[in-house]
Structure formats: structure tokens, C-alpha cells
file start_35.tsv (TSV, C-alpha atoms)
chain	number	residue	atom	x	y	z
A	8	MET	CA	0.00	0.00	0.00
A	9	SER	CA	2.85	2.40	0.79
A	10	ASP	CA	4.32	1.82	-2.68
A	11	ALA	CA	0.98	2.72	-4.24
A	12	MET	CA	0.72	5.90	-2.18
A	13	ASN	CA	4.29	6.87	-3.01
A	14	ALA	CA	3.54	6.31	-6.70
A	15	LEU	CA	0.51	8.62	-6.68
A	16	PRO	CA	2.37	11.86	-7.58
A	17	LEU	CA	4.01	10.20	-10.59
A	18	LEU	CA	0.71	8.67	-11.67
A	19	LEU	CA	-1.07	12.02	-11.37
A	20	GLN	CA	1.67	13.58	-13.47
A	21	GLY	CA	0.98	10.92	-16.09
A	22	ALA	CA	-2.76	11.54	-15.77
A	23	LEU	CA	-2.14	15.19	-16.63
A	24	VAL	CA	-0.33	14.13	-19.80
A	25	THR	CA	-3.23	11.79	-20.60
A	26	LEU	CA	-5.65	14.67	-20.13
A	27	VAL	CA	-3.68	17.02	-22.39
A	28	LEU	CA	-3.32	14.32	-25.05
A	29	SER	CA	-7.04	13.60	-24.97
A	30	LEU	CA	-8.20	17.23	-25.04
A	31	VAL	CA	-5.84	18.35	-27.83
A	32	SER	CA	-6.55	15.25	-29.91
A	33	MET	CA	-10.30	15.67	-29.45
A	34	VAL	CA	-10.24	19.29	-30.61
A	35	ASN	CA	-8.19	18.29	-33.66
A	36	GLY	CA	-10.46	15.30	-34.24
A	37	LEU	CA	-13.58	17.47	-34.16
A	38	VAL	CA	-12.13	19.69	-36.88
A	39	LEU	CA	-10.97	16.73	-38.97
A	40	GLY	CA	-14.25	14.92	-38.47
A	41	LEU	CA	-16.38	17.88	-39.51
A	42	VAL	CA	-14.24	18.55	-42.58
A	43	ALA	CA	-14.33	14.87	-43.56
A	44	ALA	CA	-18.09	14.67	-43.03
A	45	LEU	CA	-18.76	17.72	-45.19
A	46	SER	CA	-16.35	16.40	-47.80
A	47	ARG	CA	-18.13	13.04	-47.92
A	48	LEU	CA	-21.43	14.85	-48.45
A	49	SER	CA	-19.93	17.18	-51.06
A	50	ARG	CA	-20.99	17.06	-54.68
A	51	ASN	CA	-17.30	17.13	-55.56
A	52	THR	CA	-16.69	13.47	-56.38
A	53	ALA	CA	-12.92	13.58	-55.88
A	54	LEU	CA	-13.26	15.26	-52.48
A	55	SER	CA	-15.93	12.76	-51.42
A	56	HIS	CA	-13.78	9.80	-52.47
A	57	ILE	CA	-10.73	11.13	-50.60
A	58	ALA	CA	-12.74	11.61	-47.42
A	59	SER	CA	-14.32	8.17	-47.78
A	60	ALA	CA	-10.89	6.59	-48.23
A	61	TYR	CA	-9.61	8.36	-45.11
A	62	VAL	CA	-12.53	7.17	-42.99
A	63	SER	CA	-12.32	3.62	-44.35
A	64	ALA	CA	-8.55	3.32	-43.85
A	65	ILE	CA	-8.58	4.63	-40.29
A	66	ARG	CA	-11.68	2.76	-39.13
A	67	GLY	CA	-10.41	-0.43	-40.76
A	68	THR	CA	-7.00	-0.56	-39.05
A	69	PRO	CA	-6.05	-0.79	-35.36
A	70	LEU	CA	-5.01	2.40	-33.58
A	71	LEU	CA	-1.88	0.65	-32.34
A	72	VAL	CA	-0.75	-0.03	-35.92
A	73	GLN	CA	-1.43	3.60	-36.82
A	74	LEU	CA	0.70	4.82	-33.92
A	75	PHE	CA	3.55	2.55	-35.01
A	76	LEU	CA	3.27	3.96	-38.53
A	77	TRP	CA	3.46	7.56	-37.32
A	78	TYR	CA	6.36	6.99	-34.94
A	79	TYR	CA	8.41	4.07	-36.26
A	80	ALA	CA	7.68	3.94	-40.00
A	81	LEU	CA	7.85	7.61	-41.03
A	82	PRO	CA	11.57	7.97	-40.18
A	83	GLN	CA	12.26	5.50	-43.01
A	84	VAL	CA	10.98	8.11	-45.46
A	85	GLY	CA	12.83	10.97	-43.77
A	86	ILE	CA	10.10	12.20	-41.41
A	87	THR	CA	10.87	11.94	-37.71
A	88	LEU	CA	8.27	12.92	-35.13
A	89	ALA	CA	8.74	13.42	-31.41
A	90	PRO	CA	6.79	10.86	-29.36
A	91	PHE	CA	4.27	13.41	-28.11
A	92	SER	CA	3.71	14.81	-31.61
A	93	ALA	CA	3.25	11.33	-33.07
A	94	ALA	CA	0.75	10.54	-30.30
A	95	ILE	CA	-1.26	13.71	-30.94
A	96	ILE	CA	-1.34	13.12	-34.69
A	97	GLY	CA	-2.21	9.44	-34.34
A	98	LEU	CA	-5.01	10.00	-31.84
A	99	SER	CA	-6.39	13.02	-33.72
A	100	VAL	CA	-6.51	11.28	-37.08
A	101	ASN	CA	-8.07	8.19	-35.51
A	102	VAL	CA	-10.85	9.89	-33.56
A	103	GLY	CA	-11.48	12.25	-36.47
A	104	ALA	CA	-12.48	9.34	-38.72
A	105	TYR	CA	-15.05	8.11	-36.21
A	106	LEU	CA	-16.40	11.60	-35.60
A	107	ALA	CA	-16.74	12.08	-39.36
A	108	GLU	CA	-19.32	9.32	-39.46
A	109	SER	CA	-21.14	10.79	-36.46
A	110	PHE	CA	-21.29	14.23	-38.07
A	111	ARG	CA	-22.33	12.80	-41.44
A	112	ALA	CA	-25.21	10.88	-39.90
A	113	ALA	CA	-26.29	13.89	-37.86
A	114	ILE	CA	-26.25	16.21	-40.87
A	115	GLN	CA	-28.23	13.75	-42.95
A	116	SER	CA	-30.80	13.45	-40.16
A	117	VAL	CA	-31.79	17.12	-40.58
A	118	ASP	CA	-34.93	17.52	-42.66
A	119	ARG	CA	-34.02	18.44	-46.24
A	120	GLY	CA	-36.86	20.92	-46.18
A	121	GLN	CA	-34.76	23.17	-43.98
A	122	PHE	CA	-32.19	23.45	-46.77
A	123	GLU	CA	-34.90	24.38	-49.24
A	124	ALA	CA	-36.45	26.89	-46.85
A	125	SER	CA	-33.08	28.55	-46.28
A	126	TYR	CA	-32.37	28.75	-50.01
A	127	SER	CA	-35.80	30.29	-50.61
A	128	LEU	CA	-34.85	33.03	-48.12
A	129	GLY	CA	-31.74	33.80	-50.17
A	130	MET	CA	-29.20	32.14	-47.88
A	131	THR	CA	-26.13	30.60	-49.47
A	132	HIS	CA	-25.23	26.93	-48.97
A	133	GLY	CA	-22.40	27.89	-46.61
A	134	ALA	CA	-24.62	30.16	-44.53
A	135	THR	CA	-27.30	27.48	-44.37
A	136	LEU	CA	-24.81	24.94	-43.04
A	137	ARG	CA	-23.29	27.37	-40.56
A	138	ARG	CA	-26.46	28.93	-39.17
A	139	ILE	CA	-29.15	26.27	-39.60
A	140	ILE	CA	-27.84	22.75	-40.21
A	141	LEU	CA	-24.63	22.44	-38.17
A	142	PRO	CA	-26.07	23.70	-34.84
A	143	GLN	CA	-28.81	21.07	-35.05
A	144	SER	CA	-26.37	18.39	-36.20
A	145	ILE	CA	-23.97	19.03	-33.35
A	146	ARG	CA	-26.79	18.71	-30.81
A	147	THR	CA	-27.80	15.43	-32.41
A	148	ALA	CA	-24.22	14.14	-32.44
A	149	LEU	CA	-23.44	15.31	-28.90
A	150	PRO	CA	-23.91	11.90	-27.19
A	151	THR	CA	-21.66	10.23	-29.75
A	152	ILE	CA	-19.07	12.99	-29.44
A	153	GLY	CA	-19.04	12.56	-25.67
A	154	ASN	CA	-18.68	8.80	-25.96
A	155	SER	CA	-15.85	9.23	-28.47
A	156	PHE	CA	-14.00	11.49	-26.05
A	157	ILE	CA	-14.35	9.03	-23.19
A	158	GLY	CA	-13.10	6.30	-25.49
A	159	LEU	CA	-10.20	8.53	-26.49
A	160	VAL	CA	-9.15	8.97	-22.86
A	161	LYS	CA	-8.88	5.19	-22.55
A	162	ASP	CA	-7.29	4.70	-25.98
A	163	SER	CA	-4.59	7.22	-25.09
A	164	SER	CA	-3.04	4.48	-22.94
A	165	LEU	CA	-1.75	2.94	-26.20
A	166	VAL	CA	0.71	5.79	-26.73
A	167	SER	CA	2.85	4.29	-23.98
A	168	VAL	CA	4.21	1.96	-26.69
A	169	ILE	CA	5.82	4.94	-28.44
A	170	THR	CA	7.49	6.09	-25.21
A	171	VAL	CA	5.04	8.83	-24.21
A	172	ARG	CA	5.08	9.17	-20.43
A	173	GLU	CA	1.34	9.20	-19.81
A	174	LEU	CA	-0.61	7.51	-17.03
A	175	LEU	CA	-0.09	3.86	-18.00
A	176	ALA	CA	3.56	4.38	-18.91
A	177	ASN	CA	4.26	5.93	-15.51
A	178	GLY	CA	2.43	3.05	-13.90
A	179	GLN	CA	4.63	0.58	-15.77
A	180	LEU	CA	7.76	2.43	-14.67
A	181	THR	CA	6.59	2.26	-11.07
A	182	ILE	CA	5.91	-1.47	-11.36
A	183	ALA	CA	9.41	-2.04	-12.77
A	184	ARG	CA	10.86	-0.26	-9.74
A	185	THR	CA	8.65	-1.69	-6.97
A	186	PHE	CA	7.53	-5.06	-8.42
A	187	GLN	CA	4.04	-4.26	-7.04
A	188	ALA	CA	1.91	-4.83	-10.15
A	189	LEU	CA	-1.49	-5.37	-8.52
A	190	PRO	CA	-1.78	-2.21	-6.36
A	191	ILE	CA	-0.19	0.03	-9.00
A	192	LEU	CA	-2.39	-1.22	-11.83
A	193	LEU	CA	-5.47	-0.92	-9.64
A	194	GLU	CA	-4.47	2.67	-8.87
A	195	VAL	CA	-4.01	3.37	-12.58
A	196	ALA	CA	-7.42	1.84	-13.32
A	197	VAL	CA	-9.09	3.95	-10.63
A	198	ILE	CA	-7.57	7.14	-12.03
A	199	TYR	CA	-8.80	6.27	-15.54
A	200	TRP	CA	-12.24	5.52	-14.09
A	201	LEU	CA	-12.38	8.83	-12.23
A	202	LEU	CA	-11.41	10.73	-15.37
A	203	CYS	CA	-14.05	8.95	-17.43
A	204	GLN	CA	-16.70	9.43	-14.73
A	205	ALA	CA	-15.96	13.15	-14.57
A	206	PHE	CA	-16.30	13.54	-18.34
A	207	SER	CA	-19.39	11.33	-18.40
A	208	THR	CA	-21.02	13.58	-15.80
A	209	GLY	CA	-20.09	16.65	-17.84
A	210	GLN	CA	-21.51	15.04	-20.96
A	211	GLY	CA	-24.79	14.34	-19.21
A	212	TRP	CA	-25.03	17.93	-17.97
A	213	LEU	CA	-24.33	19.29	-21.45
A	214	GLU	CA	-26.92	17.02	-23.04
A	215	ARG	CA	-29.57	18.09	-20.53
A	216	ARG	CA	-28.71	21.75	-21.05
A	217	THR	CA	-28.95	21.57	-24.84
A	218	ALA	CA	-32.18	19.55	-24.60
A	219	ARG	CA	-33.68	22.23	-22.34
A	220	HIS	CA	-32.82	24.93	-24.87
A	221	VAL	CA	-34.46	22.89	-27.63
A	222	ARG	CA	-37.65	22.42	-25.58
A	223	ALA	CA	-37.68	26.13	-24.71
A	224	ALA	CA	-37.41	27.02	-28.36
call {"tool": "encode", "arguments": {"input": "start_35.tsv", "output": "C-alpha cells"}}
result
Amino acid sequence: MSDAMNALPLLLQGALVTLVLSLVSMVNGLVLGLVAALSRLSRNTALSHIASAYVSAIRGTPLLVQLFLWYYALPQVGITLAPFSAAIIGLSVNVGAYLAESFRAAIQSVDRGQFEASYSLGMTHGATLRRIILPQSIRTALPTIGNSFIGLVKDSSLVSVITVRELLANGQLTIARTFQALPILLEVAVIYWLLCQAFSTGQGWLERRTARHVRAA
């Protein structure tokens, strides 16, 4: 028990890295996902095919393989990334592909009549998306976005294989020093659980708040 308590500061330091990785990757993933979703729905065939290929390739391969490609394979073609940068890129590109499908489904769920009504009022396609369609789509996709973020927090543990000192990696270092695998891994698991519970609570609050605004409208 004393080893687990002594390890807590190092594990919390790793948890902070996990949190930063998850937040930055999620923001990047939201941008990538929205761009990919709009590209897939675009009338530009080439753009739609490129976005579809991106989503298919990322969703069809394991995140661990993708991380290895970013960190270990790119140096063979002259591109070397720092571990943290490779982790951010890998996680962002991965979650972006899944969010693209969430955004695409949410956009397609909006009644097409709203597009036609906006055009009849003289609004451009871009203005219609920005002011009418996307706000509704984001509300619809909010539960999936929240679940993707919680999944991302857990998936970030995989970046320990490319030497990023996040929560799991610091736990492994502590185990190597103390030989106390059970208490340390339980402590790591509890920290992950607390992080996910906190974000799950925030997700629920945000969903209730947006639902209240919709009912009020």
C-alpha cells in the first residue's frame, strides 16, 4: 500500500499528460471529423472519395498499428516525429475518422426541407450549413461525441508503446521499480475511471442543457 501511495504523484503527473493528449486530440479530431463529413457529403466526387478513403482506412486498421506507422515507420521516409507529436497526430486522425461518421449521420438526419427553406430566403449553402444545419447536427451528435471522447481517454493508454510518459507508462515504470503490479495497476485503473466518470457527468449535464434549450425554443 505504501508503494501505491508513493507512486501517486508520478501517476497524477501521467494523468495530466493523458488529459492534455485527450483534449488536444479531441479538438483536432472534431475539426478533422467535420471537414471529412462535409467532404463526404460534397458534390465534388474527388473530395468525397478522398474523405471516404480516409474514414475507411482509419476505421479499418487498429489504432496501435497507426501509432507505429506515425512513430516508427515515417523515419524511413525521412520524417521523424517526437513521441508526443506522433501521439497527438495518431489520436487526432483516428478519432477524427469516427467523428466524421457521427457528423455525417447527424447532418443527414436534418430535414431536407430546412435546406430548401433557407435557399428560398436567399441564404447561401455555406450560410445554411453554418447557421441552420450544423447547430442542429452538433446537438444530435453530442452523445456520440461525448462517448468518443471518453473512449479517447482510454485509448490514449496505447501511446505508452511509443514512449510517451502518460498515465499507463508511468504506472509501468513504477511497477518495474517496486515489483508491485497489482496495487499500482489498480491505482491506474481507478484514475482512468475517475477521469471517465468526470467527463461522463459533464456530458450528461451538457446534453440536458442543450435539450432544455431545444424544448424552450
call {"tool": "residues_around", "arguments": {"input": "start_35.tsv", "residues": "A:Ser55", "least_positions_apart": "6", "cutoff": "12 Å", "atoms": "only C-alpha atoms", "output": "list in words"}}
result
Val42, Ala43, Ala44, Leu45, Ser46, Arg47, Leu48, Ser49, Tyr61, Val62 and Arg111 of chain A
call {"tool": "closest_residue", "arguments": {"input": "start_35.tsv", "among": "A:Ala93, A:Ile182, A:Leu141, A:Ala176", "to": "A:Gln115", "atoms": "all atoms listed in the file"}}
result
A:Leu141
call {"tool": "atom_distance", "arguments": {"input": "start_35.tsv", "atom1": "atom CA of A:Trp212", "atom2": "atom CA of A:Val160"}}
result
18.9 Å
call {"tool": "closest_residue", "arguments": {"input": "start_35.tsv", "among": "A:Gly209, A:Gly21, A:Pro16, A:Pro90", "to": "A:Phe156", "atoms": "only C-alpha atoms"}}
result
A:Gly209
call {"tool": "closest_atom_pairs", "arguments": {"input": "start_35.tsv", "of": "stretch 120-209 of chain A", "to": "stretch 64-76 of chain A", "cutoff": "9 Å", "atoms": "only C-alpha atoms", "output": "Markdown table"}}
result
| residue | atom | partner | partner_atom | distance |
| --- | --- | --- | --- | --- |
| A:Asp162 | CA | A:Leu70 | CA | 8.3 |
| A:Leu165 | CA | A:Leu71 | CA | 6.6 |
| A:Val166 | CA | A:Leu74 | CA | 7.3 |
| A:Val168 | CA | A:Phe75 | CA | 8.4 |
| A:Ile169 | CA | A:Phe75 | CA | 7.4 |
call {"tool": "atom_distance", "arguments": {"input": "start_35.tsv", "atom1": "atom CA of A:Ala124", "atom2": "atom CA of A:Thr52"}}
result
25.7 Å
